[in-house]
Structures are given as C-alpha cells and as structure tokens.
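To be precise, the following lines are run31.csv, and they hold CSV, C-alpha atoms.
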chain,number,residue,atom,x,y,z
A,102,LEU,CA,111.6,103.9,83.1
A,103,ARG,CA,114.6,103.7,80.9
A,104,GLN,CA,115.0,107.5,81.1
A,105,ALA,CA,114.8,107.3,84.9
A,106,VAL,CA,117.7,104.7,84.9
A,107,LYS,CA,119.7,106.8,82.5
A,108,THR,CA,119.3,110.0,84.5
A,109,GLY,CA,119.5,108.5,87.9
A,110,SER,CA,116.0,109.8,88.8
A,111,LEU,CA,114.7,106.5,90.2
A,112,TRP,CA,111.7,106.3,92.5
A,113,TRP,CA,112.6,102.8,93.5
A,114,ASP,CA,115.6,101.2,95.3
A,115,GLN,CA,117.8,100.1,92.4
A,116,GLN,CA,119.7,97.7,94.7
A,117,HIS,CA,116.6,95.8,95.8
A,118,GLY,CA,114.5,96.3,92.7
A,119,LEU,CA,111.2,97.6,91.3
A,120,ARG,CA,107.9,96.5,92.9
A,121,TYR,CA,105.5,95.7,90.0
A,122,ALA,CA,101.7,95.1,90.0
A,123,SER,CA,99.6,94.0,87.1
A,124,LEU,CA,95.8,94.3,87.0
A,125,GLY,CA,94.2,92.0,84.6
A,126,SER,CA,97.2,89.7,84.3
A,127,GLY,CA,95.4,86.7,82.7
A,128,GLU,CA,97.8,84.0,81.6
A,129,LEU,CA,100.8,86.4,82.0
A,130,LEU,CA,102.4,86.6,78.6
A,131,PHE,CA,102.3,90.4,78.5
A,132,ASP,CA,103.7,90.6,82.1
A,133,LEU,CA,106.5,88.2,81.3
A,134,GLU,CA,107.5,90.2,78.3
A,135,LEU,CA,107.3,93.6,80.1
A,136,LEU,CA,109.3,92.3,83.1
A,137,GLU,CA,112.0,91.0,80.7
A,138,ARG,CA,112.1,94.4,78.9
A,139,LEU,CA,112.6,96.1,82.3
A,140,ARG,CA,115.4,93.7,83.2
A,141,PHE,CA,117.0,94.4,79.8
A,142,ALA,CA,116.9,98.1,80.7
A,143,GLY,CA,118.9,97.3,83.8
A,144,ILE,CA,116.0,97.3,86.3
A,145,PRO,CA,115.9,94.5,88.8
A,146,ILE,CA,112.5,93.3,89.9
A,147,ALA,CA,111.8,92.8,93.6
A,148,GLN,CA,108.1,91.9,93.6
A,149,ALA,CA,105.4,91.0,91.1
A,150,CYS,CA,101.8,91.3,92.2
A,151,LEU,CA,99.4,89.7,89.8
A,152,ILE,CA,95.7,90.5,90.1
A,153,ASP,CA,93.0,88.9,88.0
A,154,ARG,CA,89.6,87.4,88.7
A,155,CYS,CA,90.6,84.2,87.0
A,156,TYR,CA,93.0,83.5,89.9
A,157,ARG,CA,90.0,82.9,92.3
A,158,SER,CA,89.5,79.4,90.9
A,159,PRO,CA,92.2,79.0,88.3
A,160,SER,CA,91.8,76.6,85.5
A,161,ALA,CA,94.5,74.0,84.7
A,162,ASN,CA,95.9,76.4,82.0
A,163,THR,CA,96.0,79.3,84.4
A,164,ARG,CA,97.7,77.3,87.1
A,165,ARG,CA,100.3,76.1,84.6
A,166,ALA,CA,100.8,79.7,83.4
A,167,LEU,CA,101.3,80.9,87.0
A,168,ARG,CA,103.7,78.1,87.8
A,169,GLU,CA,105.7,78.8,84.6
A,170,PHE,CA,105.8,82.5,85.3
A,171,ALA,CA,107.2,81.8,88.8
A,172,ASP,CA,109.7,79.4,87.4
A,173,TRP,CA,110.8,82.0,84.8
A,174,GLN,CA,111.2,84.6,87.5
A,175,ARG,CA,113.4,82.3,89.5
A,176,CYS,CA,115.6,81.4,86.4
A,177,ALA,CA,115.9,85.1,85.4
A,178,THR,CA,117.0,86.2,88.8
A,179,GLN,CA,119.5,83.4,89.2
A,180,ARG,CA,121.0,84.0,85.7
A,181,LEU,CA,121.4,87.7,86.5
A,182,ARG,CA,122.5,87.1,90.1
A,183,HIS,CA,119.6,89.3,91.4
A,184,GLU,CA,117.6,88.7,94.5
A,185,ALA,CA,114.6,86.4,94.0
A,186,VAL,CA,111.4,88.0,92.8
A,187,GLU,CA,108.5,87.7,95.3
A,188,VAL,CA,105.4,86.8,93.3
A,189,LEU,CA,102.0,87.5,95.0
A,190,VAL,CA,98.8,86.4,93.2
A,191,PHE,CA,95.4,87.9,94.0
A,192,GLY,CA,91.9,86.8,92.8
A,193,SER,CA,90.2,90.0,93.7
A,194,LEU,CA,90.8,93.7,93.8
A,195,LYS,CA,89.8,93.8,97.4
A,196,ASP,CA,92.5,91.3,98.5
A,197,TYR,CA,95.2,93.3,96.7
A,198,PHE,CA,93.9,96.6,98.2
A,199,ARG,CA,94.2,95.1,101.7
A,200,ALA,CA,97.7,93.6,101.0
A,201,ALA,CA,98.8,97.1,99.7
A,202,ASP,CA,98.0,98.7,103.1
A,203,LYS,CA,100.8,100.3,105.1
A,204,ASP,CA,101.9,97.1,106.8
A,205,GLY,CA,100.8,94.6,104.0
A,206,PRO,CA,103.0,92.4,101.9
A,207,ALA,CA,102.3,94.4,98.7
A,208,VAL,CA,102.9,97.9,100.1
A,209,GLY,CA,105.0,100.3,98.0
A,210,CYS,CA,104.3,99.4,94.4
A,211,HIS,CA,106.5,101.4,91.9
A,212,LEU,CA,104.7,100.4,88.7
A,213,LEU,CA,101.0,99.5,88.5
A,214,VAL,CA,100.0,98.3,85.0
A,215,HIS,CA,96.3,98.0,84.1
A,216,CYS,CA,96.4,95.5,81.2
A,217,ASP,CA,93.5,95.1,78.8
A,218,ALA,CA,91.0,93.8,81.4
A,219,TYR,CA,87.8,95.9,81.4
A,220,TRP,CA,84.6,96.0,83.4
A,221,PRO,CA,82.2,98.8,84.1
A,222,GLY,CA,83.9,101.0,86.7
A,223,ALA,CA,87.4,99.8,85.8
A,224,PHE,CA,88.8,103.3,85.6
A,225,GLU,CA,87.7,104.2,89.2
A,226,ASP,CA,88.8,100.8,90.6
A,227,CYS,CA,92.2,101.3,89.0
A,228,GLU,CA,92.5,104.8,90.6
A,229,ARG,CA,91.6,103.5,94.0
A,230,LEU,CA,94.2,100.7,93.7
A,231,ALA,CA,96.8,103.2,92.6
A,232,THR,CA,96.0,105.6,95.4
A,233,GLN,CA,96.4,102.7,98.0
A,234,ALA,CA,99.3,100.8,96.4
A,235,LEU,CA,101.7,103.2,94.7
A,236,ALA,CA,104.8,104.4,96.5
A,237,PRO,CA,105.6,108.1,96.3
A,238,GLY,CA,106.4,108.9,92.6
A,239,GLY,CA,105.0,105.5,91.5
A,240,LEU,CA,103.7,105.1,88.0
A,241,LEU,CA,100.2,104.0,86.9
A,242,ALA,CA,100.1,102.8,83.3
A,243,ARG,CA,96.8,102.0,81.6
A,244,LEU,CA,96.9,99.9,78.5
A,245,SER,CA,93.3,100.2,77.5
A,246,ASP,CA,91.8,102.3,74.7
A,247,ARG,CA,88.4,102.6,76.5
A,248,GLU,CA,87.6,106.2,77.4
A,249,GLU,CA,84.0,105.7,78.8
A,250,ASP,CA,85.0,105.8,82.5
A,251,GLU,CA,87.6,108.5,82.2
A,252,LYS,CA,85.1,111.2,83.1
A,253,THR,CA,84.7,109.5,86.5
A,254,SER,CA,86.8,110.7,89.3
A,255,LEU,CA,87.0,109.5,92.9
A,256,LYS,CA,84.2,110.9,95.0
A,257,GLY,CA,83.8,111.0,98.8
A,258,GLY,CA,83.4,107.5,100.2
A,259,ALA,CA,84.9,105.8,97.2
A,260,PHE,CA,87.3,103.9,99.5
A,261,PHE,CA,84.5,102.3,101.4
A,262,ARG,CA,82.6,100.9,98.4
A,263,GLN,CA,83.0,97.5,97.0
A,264,PHE,CA,85.2,97.4,93.9
A,265,HIS,CA,83.2,97.2,90.7
A,266,GLY,CA,85.5,94.3,89.4
A,267,ASP,CA,84.6,92.3,92.5
A,268,ALA,CA,80.9,92.8,92.3
A,269,ASP,CA,80.1,89.1,92.1
A,270,GLU,CA,82.5,87.9,94.7
A,271,LEU,CA,81.0,86.5,97.9
A,272,ALA,CA,81.6,88.6,101.0
A,273,ALA,CA,84.8,87.6,102.8
A,274,SER,CA,86.3,88.9,105.9
A,275,GLY,CA,89.8,89.2,107.4
A,276,ALA,CA,93.2,89.7,105.8
A,277,PRO,CA,94.0,88.8,102.2
A,278,ARG,CA,94.2,85.1,101.6
A,279,LEU,CA,97.8,84.2,100.8
A,280,GLN,CA,98.7,80.5,100.3
A,281,SER,CA,101.7,78.5,99.3
A,282,LEU,CA,102.1,77.7,95.6
A,283,GLU,CA,101.3,74.0,96.3
A,284,GLU,CA,98.0,74.9,98.0
A,285,ALA,CA,97.1,77.4,95.3
A,286,LEU,CA,97.6,75.0,92.5
A,287,ASP,CA,95.1,72.6,93.9
A,288,ALA,CA,91.7,72.8,92.3
A,289,GLY,CA,89.4,75.5,93.8
A,290,SER,CA,92.2,77.5,95.3
A,291,ARG,CA,92.2,81.2,96.2
A,292,PRO,CA,94.9,84.0,95.9
A,293,PHE,CA,98.4,82.9,96.9
A,294,LEU,CA,102.0,83.9,97.5
A,295,VAL,CA,104.8,82.3,95.4
A,296,SER,CA,108.2,82.8,97.0
Produce structure tokens that represent the structure in this file.
Amino acid sequence: LRQAVKTGSLWWDQQHGLRYASLGSGELLFDLELLERLRFAGIPIAQACLIDRCYRSPSANTRRALREFADWQRCATQRLRHEAVEVLVFGSLKDYFRAADKDGPAVGCHLLVHCDAYWPGAFEDCERLATQALAPGGLLARLSDREEDEKTSLKGGAFFRQFHGDADELAASGAPRLQSLEEALDAGSRPFLVS
C-alpha cells in the first residue's frame, strides 16, 4: 500500500479514503494498529467493516472494545481533519456478504484482511467474501499460517451455500441487520452500524 501511495498507482479514491474490511476482528487491537499504520503512510480511511462471530451477542469486553475502536476512529479523523470513518459491524459472514452487494452499504472494499480467525472452510469463505466485496484491484490479505484449505477452490454453486463460519447461526431472512451503536451495545444485540 505504501508503494501504491508513492507511485500514485492507487485503486482507491485518495480524497475519500480506503474502504477496509476485517474478517476475524475480535477485540480489534490488530485492526486499530493496522489502520493507524495506514494513516501514517498517508492513507485516509473511509470505512471499516468489522466481521466476527463474537459480535452476534457481544460480551461486555467486546462491546467496550467496539465503542473504544469507534471513539478512536473519530478522534483520529478529527485530529487529521479527514472525513469521519464509517464503522460497520457484522456478526456473520452472510450479513457482510449481503451488505457488500452492488447497492449495499459495504460495497467496494479496497482491503480485506483475514486475521487469525480459523474454522474449517475458512479459505473458501474468505474467497467468496473477497469475490463479492472487493472493488476492482482490491487486495485480500490473509494473516494465517494454515494451509489445509488452500487446495480448495470455488466450485459451481459456492455462492449459494451457507458460509462455513456461519454454520451454527439460526436461519435469518432479509437484509443485513444494521443498528445504531446504542442499540448494539445493549445485551443480546446483533450486527450494527457506527457512524
């Protein structure tokens, strides 16, 4: 990414910023550090999509981490006089997949990072999300040393199967569930939008 900034070969709108998504975000320390490194390299951030099963029914610590992450993004953008970062939080791969559809709120991701979260079928799930979510020229970065699933490739009908990482989720219908920060921080909440 630094090289793209240096050479002017950006695949994102530098004025509005990079659209970032993190799969397996957890309590967000890695994401916070990575986004700060990107800002230090001169890359403004427009959107951060955070995807993790623990956001389905976040614990008190997870809710606190999400709140502090959102507060940090607000402070960082104000300090640098950048536009505010839109933070979208998803508790399932399916919800993010839907939100990344052509008219969805998470369309056009420039950098999708698969953190250390692992489950059987993770490689295929990650490819499916990248195919749906990434803007032309977008970058998928996997930060896992597991190679078991790398022999798997997308097969016909892959886009119609349930995500492996959502296997235990109850069937839900309709559009992704986005809520206000206040609603999401209440006990038993689902994915939400922080603006």
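With only C-alpha atoms as the atoms that count, the minimum distance from Asp196 (chain A) to the choices A:Leu139, A:Leu119, A:Leu230, A:Leu102 is reached by A:Leu230.
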- Two-atom distance - CA of Lys107 (chain A), CA of Asp172 (chain A) (Å):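 Separation between CA of Lys107 (chain A) and CA of Asp172 (chain A): 29.6 Å.
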- Nearest-residue call for Ala171 (chain A), choices A:Asp153, A:Leu133, A:Phe191, A:Ala207, using only C-alpha atoms: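 Selected residue with least distance to Ala171 (chain A): A:Leu133.
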- Tell me, in Å to one decimal, how far CA of Leu212 (chain A) is from CA of Ala149 (chain A).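 Interatomic distance here is 9.7 Å.
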- To one decimal place, how far is CA of Ala236 (chain A) from CA of Glu137 (chain A) in Å?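 Between CA of Ala236 (chain A) and CA of Glu137 (chain A) the gap works out to 21.9 Å.
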- Message: Taking only C-alpha atoms into account, name the residue in A:His215, A:Trp173, A:Arg120, A:Glu128 that is nearest to Ala161 (chain A).
- Response: A:Glu128
- Which one is closest to Leu244 (chain A): A:Cys155, A:Leu129, A:Val214, A:Ile144? Count only C-alpha atoms. A:Val214
- Message: Applying 12 Å and all atoms listed in the file, which residues near Gly125 (chain A) remain after dropping the ones on its own chain fewer than 5 positions away? List them as a ChimeraX atom specification.
- Response: /A:130-132,150-156,190-194,213-220,223,226-227,243-245,266
- Counting all atoms listed in the file, figure out which residue out of A:Phe224, A:Phe198, A:Tyr121, A:Phe141 gets nearest to Cys210 (chain A). A:Tyr121
- Query: Pick from A:His211, A:Arg164, A:Arg180, A:Arg199: nearest to Arg140 (chain A), with only C-alpha atoms counted?
  - Reply: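 Checking each candidate against Arg140 (chain A), we get A:Arg180 as the closest.
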